[in-house]
2 protein chains.
Amino acid sequence: MISERMIAMTKSSSAIRAMFEEGMRLAAIHGSENVFDFSLGNPNFPAPAALNRAIAQVLEDTDPTVVHGYMPNAGFPAVRTAVAENLNARFGTAFTAENILMTVGAAGGLNVILNVLLNPGDEVVVIAPYFLEYGNYIRNFGGVLRVVQAEEGTFQIDPAAVAAACNEKTKAVIVNNPNNPTGVIYPAETIRALAEALEARQQELGTSIYLLSDEPYRELAYDGADVPYIPCFYRNTIVGYSWSKSMSLPGERIGYLVIPSEIDDYGLIWDAACTSNRILGFVNAPSLLQLAVARCLNEKTDISAYDRNRQALYNGLTALGFECVYPRGAFYLWMKTPGDEKAFIEAAKRHCLLLVPGSSFAMPGYARLAYCVSPDRIARSMPAFAQLAREFGLGK
Amino acid sequence: MISERMIAMTKSSSAIRAMFEEGMRLAAIHGSENVFDFSLGNPNFPAPAALNRAIAQVLEDTDPTVVHGYMPNAGFPAVRTAVAENLNARFGTAFTAENILMTVGAAGGLNVILNVLLNPGDEVVVIAPYFLEYGNYIRNFGGVLRVVQAEEGTFQIDPAAVAAACNEKTKAVIVNNPNNPTGVIYPAETIRALAEALEARQQELGTSIYLLSDEPYRELAYDGADVPYIPCFYRNTIVGYSWSKSMSLPGERIGYLVIPSEIDDYGLIWDAACTSNRILGFVNAPSLLQLAVARCLNEKTDISAYDRNRQALYNGLTALGFECVYPRGAFYLWMKTPGDEKAFIEAAKRHCLLLVPGSSFAMPGYARLAYCVSPDRIARSMPAFAQLAREFGLGK
């Protein structure tokens, strides 16, 4: 009776969420202190104190009918101007309020823009391993997913392969930098090569291929790594941003789209995106949080705690013989599973270690560990990982 | 190039919003104090002080990683339990947390549930005049709108007409009580008759017809009027609620769906609705506001100011000879336009009176006035209305 599409999607629903619930089940049996959950990207570190202060100040100094009221569907003009100016100062861009559309998180933003771009049957290229929700977002609007593999071992983008996957029906390519799940950062030379390959492909096809840059992890880059700002490299770029990770606000659903004036069909896309935000039922990004984040744009995210976790987990696991990609950004460690992925994930569960299988990112044979957890959890999990390593014949 | 569907929708985009922008244009010319904008349902009265206090308290007494963090997609279990118990106390229901799905406003909730119910080509019945966004929400999922006229003059539901409009492909009927735009309340006898007609029609067709009760105006009922709680009358009811109007929080995007255990396919629909909330990009209702509203469930909404506006506007306009429906709920006055609707709305604009044409609710020949404005705006608008009445030959 109900939507066949939704029945199918519900059955194959998020393995990450399922693991989260498995964690609650195991915690009830073994005590939560004995369950080492590395499954969910829910930041363990609190939002910067300045954010809570900004919320209190907004409530204090602003008319409540403004704080909690409607505003244009794109968001408060002053908030959008503040975001644009902050980006301009950081990246040398020339954005205005008319390029910034406040959204219900990055997930909301991606849905808004995919709804604008896709006719049924249009294609979107993603690079595996990738966040599986992209597929759902694309299918929401009748779009078709085309998957290109990342380069083996390095998990970098292969620009030629991406360009080759584009055809007359390709509307967009999604790039996630720093990357979930691999922790890889695509450097400027990779982005430049990708931009050149896509420019050439647009010319050949006589179409517009929009690069959707999904950037919730932008602020989480370690060792001083630079995360290139893609609108500076490729004209038809649209950015999706969220403060979920950078300010530890995933529950608040606050982010924005950057729709640069230089993109093909800017006017049409901007107007349609504002309408899309409304008719998909978001209406606008939550108002109080819009006003609060606008007062914290220059807050420097403290990533030192994540950095220490990153070192502890990477060093601990590689010492035990696990093969891991050295994480440069985000808060994920990408590990090759010794032996069969499924058997390994199940064995890990028996040691109360919860990892997300690589197949949840369209790449079996790997596991993702989220290290946005307490440092203590990492330290105390090491004996369990050591047992697991022995079980799979590592480190001999 | 971009979505043909969205190009069409953007062109025909909200006349209510367009009027809002016309208001800003006129204010720039004549001064905002001389523009009498009755177009947008943006509450002019501030949120209850208790709500801002609750926000401050949540920030004070709750771990920030909880306040701003992820929770199950359906919302914080404790918040959902509090909402369920509040409804049970008011309506004698027996809901639990497993019946309450926190949503990004009522618009978010309607999209979540329509995504669950509709296969392409499935039909949804709405009663004209109706909030035109329903059509967009239904078309988002390939659904087809079937419009039934309200009873002439009274704007009550005609249960036989609604039942007759249902066929094998009908998944849902949307009822909005108190009603936007007419201000009418459907009393218990109407809802009982509608329930009986729909029960009989389900039997005949051998299908499930869900009644979607869109209730953002539930708390705004005047003269002690009772707004029947539809799940108590019709088993296959799903309720969409929002605090946008009752607590003056339209910008915050906070509401919930009630999915009673008694409905057909409850388990399937509940699971699919949680997934739907996630994959449409809402993910969850904003977390801080969830926690704050849960502490204000017993706040009594003060509707006395709206009530005074209602009396002032209704009495003022009928004295001038305008034909209006006596408003019993919500904050809208529904007026018959003397002469041609379009000419009347344009003439009103020349007097800096902004009204929404009835055709924006699929019923030309009427106008909607939102009286969620300052009492002063109503008082000061009366000379302009008097001139307008004279222009259209009223009150002679």
# chains A, B, ... in the order shown; residues from 1 in each chain; ligands from 1
$ residues_around --residues "Ile345 in chain B" --least-positions-apart "6" --cutoff "8 Å" --atoms "only C-alpha atoms" --output "mmCIF file with N, CA, C and O atoms, in the first residue's frame"
data_model
loop_
_atom_site.group_PDB
_atom_site.id
_atom_site.type_symbol
_atom_site.label_atom_id
_atom_site.label_comp_id
_atom_site.auth_asym_id
_atom_site.auth_seq_id
_atom_site.Cartn_x
_atom_site.Cartn_y
_atom_site.Cartn_z
ATOM 1 N N LEU B 354 -2.193 45.309 1.893
ATOM 2 C CA LEU B 354 -1.722 44.078 1.250
ATOM 3 C C LEU B 354 -2.537 42.884 1.727
ATOM 4 O O LEU B 354 -2.507 42.533 2.917
ATOM 5 N N LEU B 355 -3.280 42.305 0.799
ATOM 6 C CA LEU B 355 -4.133 41.147 1.090
ATOM 7 C C LEU B 355 -3.709 40.036 0.135
ATOM 8 O O LEU B 355 -3.176 40.295 -0.935
ATOM 9 N N VAL B 356 -3.940 38.789 0.509
ATOM 10 C CA VAL B 356 -3.616 37.683 -0.387
ATOM 11 C C VAL B 356 -4.873 37.297 -1.159
ATOM 12 O O VAL B 356 -5.932 37.076 -0.560
ATOM 13 N N PRO B 357 -4.777 37.237 -2.499
ATOM 14 C CA PRO B 357 -5.960 36.879 -3.291
ATOM 15 C C PRO B 357 -6.427 35.450 -3.011
ATOM 16 O O PRO B 357 -5.616 34.555 -2.773
ATOM 17 N N ALA B 367 -10.448 37.187 -0.505
ATOM 18 C CA ALA B 367 -9.128 37.652 -0.077
ATOM 19 C C ALA B 367 -8.905 37.177 1.354
ATOM 20 O O ALA B 367 -9.855 37.048 2.133
#
$ interface_residues --of "chain B" --to "chain A" --cutoff "6 Å" --atoms "only C-alpha atoms" --output "PyMOL selection string"
chain B and resi 2-3+6+10+46+64-65+68-70+107-108+116-119+249-253+272+275+281-282+286-287
$ write_last_selection --atoms "N, CA, C and O atoms" --output "mmCIF file, in the first residue's frame"
data_model
loop_
_atom_site.group_PDB
_atom_site.id
_atom_site.type_symbol
_atom_site.label_atom_id
_atom_site.label_comp_id
_atom_site.auth_asym_id
_atom_site.auth_seq_id
_atom_site.Cartn_x
_atom_site.Cartn_y
_atom_site.Cartn_z
ATOM 1 N N ILE B 2 18.201 22.780 -16.049
ATOM 2 C CA ILE B 2 17.868 22.367 -14.679
ATOM 3 C C ILE B 2 16.467 21.766 -14.659
ATOM 4 O O ILE B 2 15.789 21.681 -15.676
ATOM 5 N N SER B 3 16.047 21.340 -13.490
ATOM 6 C CA SER B 3 14.788 20.621 -13.339
ATOM 7 C C SER B 3 13.601 21.395 -13.925
ATOM 8 O O SER B 3 13.289 22.505 -13.491
ATOM 9 N N MET B 6 11.066 22.191 -11.324
ATOM 10 C CA MET B 6 11.365 23.315 -10.431
ATOM 11 C C MET B 6 11.255 24.652 -11.149
ATOM 12 O O MET B 6 10.911 25.652 -10.533
ATOM 13 N N THR B 10 8.949 27.441 -9.631
ATOM 14 C CA THR B 10 9.544 28.716 -9.245
ATOM 15 C C THR B 10 8.762 29.868 -9.863
ATOM 16 O O THR B 10 8.512 30.885 -9.229
ATOM 17 N N PRO B 46 5.253 38.046 20.563
ATOM 18 C CA PRO B 46 6.473 37.298 20.873
ATOM 19 C C PRO B 46 6.180 35.920 21.456
ATOM 20 O O PRO B 46 5.104 35.681 22.013
ATOM 21 N N PRO B 64 26.318 20.020 26.661
ATOM 22 C CA PRO B 64 26.212 20.568 25.300
ATOM 23 C C PRO B 64 26.321 19.516 24.194
ATOM 24 O O PRO B 64 25.765 19.713 23.105
ATOM 25 N N THR B 65 27.010 18.408 24.455
ATOM 26 C CA THR B 65 27.076 17.387 23.400
ATOM 27 C C THR B 65 25.712 16.716 23.242
ATOM 28 O O THR B 65 25.418 16.165 22.182
ATOM 29 N N HIS B 68 23.186 19.816 21.529
ATOM 30 C CA HIS B 68 23.410 20.114 20.117
ATOM 31 C C HIS B 68 23.733 18.870 19.298
ATOM 32 O O HIS B 68 24.132 18.984 18.143
ATOM 33 N N GLY B 69 23.629 17.683 19.928
ATOM 34 C CA GLY B 69 24.112 16.467 19.263
ATOM 35 C C GLY B 69 23.031 15.707 18.520
ATOM 36 O O GLY B 69 21.852 16.059 18.544
ATOM 37 N N TYR B 70 23.468 14.657 17.845
ATOM 38 C CA TYR B 70 22.510 13.770 17.200
ATOM 39 C C TYR B 70 21.725 13.022 18.261
ATOM 40 O O TYR B 70 22.195 12.800 19.369
ATOM 41 N N ALA B 107 5.416 21.678 7.944
ATOM 42 C CA ALA B 107 5.749 21.505 6.525
ATOM 43 C C ALA B 107 6.702 20.324 6.357
ATOM 44 O O ALA B 107 6.546 19.501 5.443
ATOM 45 N N GLY B 108 7.691 20.225 7.260
ATOM 46 C CA GLY B 108 8.596 19.084 7.239
ATOM 47 C C GLY B 108 7.836 17.792 7.492
ATOM 48 O O GLY B 108 8.024 16.791 6.789
ATOM 49 N N VAL B 116 6.224 8.896 2.552
ATOM 50 C CA VAL B 116 5.981 7.502 2.977
ATOM 51 C C VAL B 116 4.754 6.918 2.284
ATOM 52 O O VAL B 116 4.745 5.754 1.894
ATOM 53 N N LEU B 117 3.717 7.721 2.118
ATOM 54 C CA LEU B 117 2.439 7.160 1.649
ATOM 55 C C LEU B 117 2.335 7.023 0.130
ATOM 56 O O LEU B 117 1.634 6.138 -0.362
ATOM 57 N N LEU B 118 2.991 7.933 -0.603
ATOM 58 C CA LEU B 118 2.656 8.077 -2.028
ATOM 59 C C LEU B 118 3.552 7.292 -2.974
ATOM 60 O O LEU B 118 4.776 7.453 -2.968
ATOM 61 N N ASN B 119 2.942 6.463 -3.808
ATOM 62 C CA ASN B 119 3.573 6.000 -5.027
ATOM 63 C C ASN B 119 3.184 6.990 -6.121
ATOM 64 O O ASN B 119 2.125 7.621 -6.040
ATOM 65 N N LEU B 249 6.837 30.611 16.883
ATOM 66 C CA LEU B 249 8.181 30.111 16.571
ATOM 67 C C LEU B 249 8.318 29.690 15.107
ATOM 68 O O LEU B 249 8.987 28.689 14.818
ATOM 69 N N PRO B 250 7.718 30.426 14.158
ATOM 70 C CA PRO B 250 7.717 29.898 12.790
ATOM 71 C C PRO B 250 9.108 29.747 12.182
ATOM 72 O O PRO B 250 9.330 28.876 11.346
ATOM 73 N N GLY B 251 10.054 30.604 12.619
ATOM 74 C CA GLY B 251 11.403 30.513 12.060
ATOM 75 C C GLY B 251 12.199 29.328 12.570
ATOM 76 O O GLY B 251 13.192 28.937 11.965
ATOM 77 N N GLU B 252 11.754 28.747 13.708
ATOM 78 C CA GLU B 252 12.565 27.700 14.346
ATOM 79 C C GLU B 252 12.368 26.319 13.754
ATOM 80 O O GLU B 252 13.183 25.432 13.969
ATOM 81 N N ARG B 253 11.278 26.126 13.031
ATOM 82 C CA ARG B 253 11.009 24.855 12.368
ATOM 83 C C ARG B 253 10.956 23.706 13.373
ATOM 84 O O ARG B 253 11.806 22.819 13.363
ATOM 85 N N ALA B 272 9.264 3.669 8.162
ATOM 86 C CA ALA B 272 9.505 4.415 6.917
ATOM 87 C C ALA B 272 9.527 5.925 7.189
ATOM 88 O O ALA B 272 10.299 6.653 6.565
ATOM 89 N N THR B 275 12.896 6.874 8.547
ATOM 90 C CA THR B 275 13.858 6.862 7.433
ATOM 91 C C THR B 275 13.632 8.065 6.528
ATOM 92 O O THR B 275 14.575 8.725 6.087
ATOM 93 N N GLY B 281 16.660 14.780 4.183
ATOM 94 C CA GLY B 281 17.673 15.764 4.552
ATOM 95 C C GLY B 281 17.323 16.555 5.800
ATOM 96 O O GLY B 281 18.086 17.417 6.220
ATOM 97 N N PHE B 282 16.144 16.263 6.396
ATOM 98 C CA PHE B 282 15.854 16.905 7.679
ATOM 99 C C PHE B 282 16.783 16.326 8.748
ATOM 100 O O PHE B 282 17.283 17.018 9.606
ATOM 101 N N PRO B 286 15.338 20.290 14.965
ATOM 102 C CA PRO B 286 16.423 20.995 15.666
ATOM 103 C C PRO B 286 16.462 20.639 17.153
ATOM 104 O O PRO B 286 15.439 20.698 17.845
ATOM 105 N N SER B 287 17.649 20.280 17.636
ATOM 106 C CA SER B 287 17.769 19.618 18.938
ATOM 107 C C SER B 287 17.489 20.547 20.124
ATOM 108 O O SER B 287 16.716 20.179 21.019
#
$ select_by_dssp --residues "range 296-330 of chain A" --states "strand (DSSP E or B)" --output "list of chain:residue names"
A:Glu323, A:Cys324, A:Val325, A:Gly329
$ select_by_dssp --residues "range 69-263 of chain A" --states "helix (DSSP H, G or I)" --output "NGL selection string"
:A and (77-91 or 97-99 or 105-117 or 133-139 or 159-165 or 188-205 or 230-232 or 250-252)
$ write_last_selection --atoms "C-alpha atoms" --output "short mmCIF file (atom, residue, chain, number, x, y, z; two decimals), in the first residue's frame"
data_model
loop_
_atom_site.label_atom_id
_atom_site.label_comp_id
_atom_site.auth_asym_id
_atom_site.auth_seq_id
_atom_site.Cartn_x
_atom_site.Cartn_y
_atom_site.Cartn_z
CA PRO A 77 20.01 38.89 4.90
CA ALA A 78 22.45 40.08 7.60
CA VAL A 79 23.45 36.50 8.42
CA ARG A 80 24.02 35.72 4.74
CA THR A 81 26.12 38.87 4.34
CA ALA A 82 28.21 37.92 7.37
CA VAL A 83 28.81 34.43 5.97
CA ALA A 84 29.70 35.84 2.54
CA GLU A 85 32.18 38.34 4.00
CA ASN A 86 33.77 35.68 6.16
CA LEU A 87 34.30 33.46 3.10
CA ASN A 88 35.62 36.42 1.09
CA ALA A 89 38.18 37.20 3.79
CA ARG A 90 39.32 33.58 3.92
CA PHE A 91 39.29 32.64 0.25
CA ALA A 97 24.11 37.65 0.49
CA GLU A 98 22.71 36.65 -2.91
CA ASN A 99 25.17 33.75 -3.05
CA GLY A 105 22.36 21.30 7.61
CA ALA A 106 24.40 20.06 4.67
CA ALA A 107 21.93 17.20 4.12
CA GLY A 108 19.16 19.77 3.69
CA GLY A 109 21.35 21.82 1.36
CA LEU A 110 22.22 18.86 -0.86
CA ASN A 111 18.54 17.95 -1.17
CA VAL A 112 17.64 21.54 -2.03
CA ILE A 113 20.18 21.76 -4.84
CA LEU A 114 19.67 18.24 -6.22
CA ASN A 115 15.93 19.00 -6.42
CA VAL A 116 16.85 22.05 -8.50
CA LEU A 117 19.30 20.32 -10.83
CA GLU A 133 23.10 8.89 1.81
CA TYR A 134 24.19 10.62 -1.40
CA GLY A 135 22.43 7.83 -3.25
CA ASN A 136 19.19 8.44 -1.36
CA TYR A 137 19.37 12.20 -1.90
CA ILE A 138 19.88 11.64 -5.64
CA ARG A 139 17.07 9.06 -5.90
CA PRO A 159 40.11 13.15 -12.65
CA ALA A 160 40.19 11.29 -15.98
CA ALA A 161 37.90 8.58 -14.61
CA VAL A 162 35.46 11.19 -13.27
CA ALA A 163 35.38 13.04 -16.60
CA ALA A 164 34.93 9.76 -18.49
CA ALA A 165 31.92 8.91 -16.30
CA ALA A 188 45.09 21.72 -4.78
CA GLU A 189 46.82 19.82 -7.60
CA THR A 190 44.13 17.14 -7.55
CA ILE A 191 41.32 19.72 -7.54
CA ARG A 192 43.05 21.65 -10.35
CA ALA A 193 43.32 18.49 -12.44
CA LEU A 194 39.70 17.63 -11.72
CA ALA A 195 38.60 21.15 -12.70
CA GLU A 196 40.52 20.95 -15.98
CA ALA A 197 39.11 17.53 -16.80
CA LEU A 198 35.54 18.70 -16.05
CA GLU A 199 35.96 21.96 -18.01
CA ALA A 200 37.13 19.96 -21.01
CA ARG A 201 34.29 17.50 -20.63
CA GLN A 202 31.72 20.33 -20.45
CA GLN A 203 33.16 21.72 -23.69
CA GLU A 204 32.98 18.34 -25.40
CA LEU A 205 29.43 17.69 -24.28
CA ILE A 230 36.83 24.62 -5.02
CA PRO A 231 34.94 27.72 -6.34
CA CYS A 232 38.43 29.22 -6.84
CA PRO A 250 24.88 18.11 14.32
CA GLY A 251 21.49 18.07 16.06
CA GLU A 252 20.78 21.73 15.27
#
$ atom_distance --atom1 "CA of Pro216 in chain A" --atom2 "CA of Gly121 in chain A"
27.7 Å
$ atom_distance --atom1 "CA of Met24 in chain A" --atom2 "CA of Ser39 in chain A"
11.7 Å
$ atom_distance --atom1 "CA of Leu257 in chain A" --atom2 "CA of Asn180 in chain A"
19.0 Å
$ residues_around --residues "range 325-331 of chain B" --least-positions-apart "6" --cutoff "6 Å" --atoms "only C-alpha atoms" --output "PDB file with all heavy atoms, in the first residue's frame"
ATOM      1  N   PRO B 178      -8.099  24.449  13.103  1.00  0.00           N
ATOM      2  CA  PRO B 178      -8.819  25.522  12.426  1.00  0.00           C
ATOM      3  C   PRO B 178      -8.207  25.807  11.056  1.00  0.00           C
ATOM      4  O   PRO B 178      -7.038  25.545  10.838  1.00  0.00           O
ATOM      5  CB  PRO B 178      -8.648  26.727  13.354  1.00  0.00           C
ATOM      6  CG  PRO B 178      -8.357  26.135  14.697  1.00  0.00           C
ATOM      7  CD  PRO B 178      -7.595  24.880  14.426  1.00  0.00           C
ATOM      8  N   GLY B 183     -10.534  30.622   8.521  1.00  0.00           N
ATOM      9  CA  GLY B 183     -10.780  30.884   9.928  1.00  0.00           C
ATOM     10  C   GLY B 183     -11.903  30.037  10.509  1.00  0.00           C
ATOM     11  O   GLY B 183     -12.276  30.189  11.674  1.00  0.00           O
ATOM     12  N   VAL B 184     -12.421  29.122   9.704  1.00  0.00           N
ATOM     13  CA  VAL B 184     -13.507  28.238  10.148  1.00  0.00           C
ATOM     14  C   VAL B 184     -12.950  27.132  11.042  1.00  0.00           C
ATOM     15  O   VAL B 184     -11.808  26.716  10.879  1.00  0.00           O
ATOM     16  CB  VAL B 184     -14.202  27.652   8.890  1.00  0.00           C
ATOM     17  CG1 VAL B 184     -14.902  26.340   9.186  1.00  0.00           C
ATOM     18  CG2 VAL B 184     -15.155  28.675   8.282  1.00  0.00           C
ATOM     19  N   TYR B 217      -2.785  25.453  13.851  1.00  0.00           N
ATOM     20  CA  TYR B 217      -3.615  26.496  14.476  1.00  0.00           C
ATOM     21  C   TYR B 217      -4.468  25.964  15.627  1.00  0.00           C
ATOM     22  O   TYR B 217      -5.360  26.655  16.109  1.00  0.00           O
ATOM     23  CB  TYR B 217      -4.514  27.166  13.421  1.00  0.00           C
ATOM     24  CG  TYR B 217      -3.715  27.776  12.296  1.00  0.00           C
ATOM     25  CD1 TYR B 217      -3.621  27.149  11.063  1.00  0.00           C
ATOM     26  CD2 TYR B 217      -3.024  28.970  12.486  1.00  0.00           C
ATOM     27  CE1 TYR B 217      -2.858  27.699  10.037  1.00  0.00           C
ATOM     28  CE2 TYR B 217      -2.258  29.521  11.478  1.00  0.00           C
ATOM     29  CZ  TYR B 217      -2.181  28.881  10.247  1.00  0.00           C
ATOM     30  OH  TYR B 217      -1.422  29.426   9.246  1.00  0.00           O
ATOM     31  N   LEU B 220      -5.262  28.112  18.532  1.00  0.00           N
ATOM     32  CA  LEU B 220      -5.879  29.422  18.246  1.00  0.00           C
ATOM     33  C   LEU B 220      -7.365  29.238  17.926  1.00  0.00           C
ATOM     34  O   LEU B 220      -7.777  29.264  16.772  1.00  0.00           O
ATOM     35  CB  LEU B 220      -5.156  30.119  17.097  1.00  0.00           C
ATOM     36  CG  LEU B 220      -3.624  30.219  17.204  1.00  0.00           C
ATOM     37  CD1 LEU B 220      -3.042  31.026  16.051  1.00  0.00           C
ATOM     38  CD2 LEU B 220      -3.180  30.799  18.533  1.00  0.00           C
ATOM     39  N   ALA B 221      -8.150  29.032  18.967  1.00  0.00           N
ATOM     40  CA  ALA B 221      -9.600  28.866  18.822  1.00  0.00           C
ATOM     41  C   ALA B 221     -10.262  29.828  19.798  1.00  0.00           C
ATOM     42  O   ALA B 221      -9.889  29.862  20.973  1.00  0.00           O
ATOM     43  CB  ALA B 221      -9.997  27.428  19.135  1.00  0.00           C
ATOM     44  N   TYR B 222     -11.219  30.602  19.291  1.00  0.00           N
ATOM     45  CA  TYR B 222     -11.794  31.699  20.088  1.00  0.00           C
ATOM     46  C   TYR B 222     -13.189  31.337  20.606  1.00  0.00           C
ATOM     47  O   TYR B 222     -13.769  30.331  20.206  1.00  0.00           O
ATOM     48  CB  TYR B 222     -11.838  32.972  19.241  1.00  0.00           C
ATOM     49  CG  TYR B 222     -10.500  33.261  18.587  1.00  0.00           C
ATOM     50  CD1 TYR B 222     -10.282  32.974  17.243  1.00  0.00           C
ATOM     51  CD2 TYR B 222      -9.430  33.755  19.351  1.00  0.00           C
ATOM     52  CE1 TYR B 222      -9.042  33.201  16.661  1.00  0.00           C
ATOM     53  CE2 TYR B 222      -8.193  33.984  18.779  1.00  0.00           C
ATOM     54  CZ  TYR B 222      -8.000  33.708  17.419  1.00  0.00           C
ATOM     55  OH  TYR B 222      -6.771  33.919  16.851  1.00  0.00           O
ATOM     56  N   ALA B 370      -4.379  38.300   7.170  1.00  0.00           N
ATOM     57  CA  ALA B 370      -3.760  37.741   8.377  1.00  0.00           C
ATOM     58  C   ALA B 370      -3.783  38.817   9.453  1.00  0.00           C
ATOM     59  O   ALA B 370      -3.252  39.907   9.250  1.00  0.00           O
ATOM     60  CB  ALA B 370      -2.329  37.307   8.078  1.00  0.00           C
ATOM     61  N   TYR B 371      -4.427  38.506  10.595  1.00  0.00           N
ATOM     62  CA  TYR B 371      -4.505  39.532  11.646  1.00  0.00           C
ATOM     63  C   TYR B 371      -3.547  39.261  12.813  1.00  0.00           C
ATOM     64  O   TYR B 371      -3.757  39.741  13.934  1.00  0.00           O
ATOM     65  CB  TYR B 371      -5.954  39.759  12.111  1.00  0.00           C
ATOM     66  CG  TYR B 371      -6.725  38.561  12.607  1.00  0.00           C
ATOM     67  CD1 TYR B 371      -6.542  38.086  13.904  1.00  0.00           C
ATOM     68  CD2 TYR B 371      -7.661  37.935  11.795  1.00  0.00           C
ATOM     69  CE1 TYR B 371      -7.267  37.001  14.370  1.00  0.00           C
ATOM     70  CE2 TYR B 371      -8.395  36.850  12.249  1.00  0.00           C
ATOM     71  CZ  TYR B 371      -8.187  36.375  13.533  1.00  0.00           C
ATOM     72  OH  TYR B 371      -8.915  35.303  13.987  1.00  0.00           O
ATOM     73  N   CYS B 372      -2.453  38.547  12.515  1.00  0.00           N
ATOM     74  CA  CYS B 372      -1.374  38.354  13.504  1.00  0.00           C
ATOM     75  C   CYS B 372      -0.436  39.551  13.404  1.00  0.00           C
ATOM     76  O   CYS B 372       0.775  39.397  13.185  1.00  0.00           O
ATOM     77  CB  CYS B 372      -0.637  37.056  13.224  1.00  0.00           C
ATOM     78  SG  CYS B 372      -0.167  36.849  11.499  1.00  0.00           S
TER      79      CYS B 372
END
$ residues_around --residues "Pro260 in chain A" --least-positions-apart "3" --cutoff "8 Å" --atoms "only C-alpha atoms" --output "number ranges by chain"
A: 95, 99, 231, 237-238, 263, 266
$ closest_residue --among "B:Gly240, B:Val124, B:Arg235, B:Ala379" --to "Ser261 in chain B" --atoms "only C-alpha atoms"
B:Arg235
$ decode --residues "range 333-345 of chain B" --atoms "N, CA and C atoms" --output "PDB file, in the first residue's frame"
ATOM      1  N   LEU B 333      -8.777  36.263   8.403  1.00  0.00           N
ATOM      2  CA  LEU B 333     -10.130  36.681   8.068  1.00  0.00           C
ATOM      3  C   LEU B 333     -10.324  36.446   6.578  1.00  0.00           C
ATOM      4  N   TRP B 334     -11.430  35.835   6.229  1.00  0.00           N
ATOM      5  CA  TRP B 334     -11.714  35.460   4.838  1.00  0.00           C
ATOM      6  C   TRP B 334     -12.832  36.365   4.335  1.00  0.00           C
ATOM      7  N   MET B 335     -12.522  37.143   3.331  1.00  0.00           N
ATOM      8  CA  MET B 335     -13.419  38.200   2.862  1.00  0.00           C
ATOM      9  C   MET B 335     -13.797  37.962   1.405  1.00  0.00           C
ATOM     10  N   LYS B 336     -15.065  38.174   1.095  1.00  0.00           N
ATOM     11  CA  LYS B 336     -15.503  38.114  -0.300  1.00  0.00           C
ATOM     12  C   LYS B 336     -15.053  39.422  -0.951  1.00  0.00           C
ATOM     13  N   THR B 337     -14.429  39.322  -2.124  1.00  0.00           N
ATOM     14  CA  THR B 337     -14.004  40.577  -2.761  1.00  0.00           C
ATOM     15  C   THR B 337     -15.188  41.185  -3.495  1.00  0.00           C
ATOM     16  N   PRO B 338     -15.478  42.491  -3.248  1.00  0.00           N
ATOM     17  CA  PRO B 338     -16.531  43.148  -4.025  1.00  0.00           C
ATOM     18  C   PRO B 338     -15.981  43.326  -5.446  1.00  0.00           C
ATOM     19  N   GLY B 339     -16.682  42.812  -6.418  1.00  0.00           N
ATOM     20  CA  GLY B 339     -16.194  42.901  -7.802  1.00  0.00           C
ATOM     21  C   GLY B 339     -15.094  41.899  -8.071  1.00  0.00           C
ATOM     22  N   ASP B 340     -14.357  42.151  -9.116  1.00  0.00           N
ATOM     23  CA  ASP B 340     -13.312  41.247  -9.577  1.00  0.00           C
ATOM     24  C   ASP B 340     -12.171  41.142  -8.555  1.00  0.00           C
ATOM     25  N   GLU B 341     -11.763  39.935  -8.257  1.00  0.00           N
ATOM     26  CA  GLU B 341     -10.711  39.722  -7.255  1.00  0.00           C
ATOM     27  C   GLU B 341      -9.439  40.481  -7.583  1.00  0.00           C
ATOM     28  N   LYS B 342      -8.975  40.321  -8.814  1.00  0.00           N
ATOM     29  CA  LYS B 342      -7.692  40.913  -9.196  1.00  0.00           C
ATOM     30  C   LYS B 342      -7.747  42.447  -9.091  1.00  0.00           C
ATOM     31  N   ALA B 343      -8.838  43.019  -9.606  1.00  0.00           N
ATOM     32  CA  ALA B 343      -8.994  44.477  -9.552  1.00  0.00           C
ATOM     33  C   ALA B 343      -9.031  44.945  -8.104  1.00  0.00           C
ATOM     34  N   PHE B 344      -9.705  44.185  -7.253  1.00  0.00           N
ATOM     35  CA  PHE B 344      -9.827  44.556  -5.847  1.00  0.00           C
ATOM     36  C   PHE B 344      -8.475  44.523  -5.139  1.00  0.00           C
ATOM     37  N   ILE B 345      -7.720  43.443  -5.364  1.00  0.00           N
ATOM     38  CA  ILE B 345      -6.405  43.303  -4.719  1.00  0.00           C
ATOM     39  C   ILE B 345      -5.478  44.434  -5.175  1.00  0.00           C
TER      40      ILE B 345
END
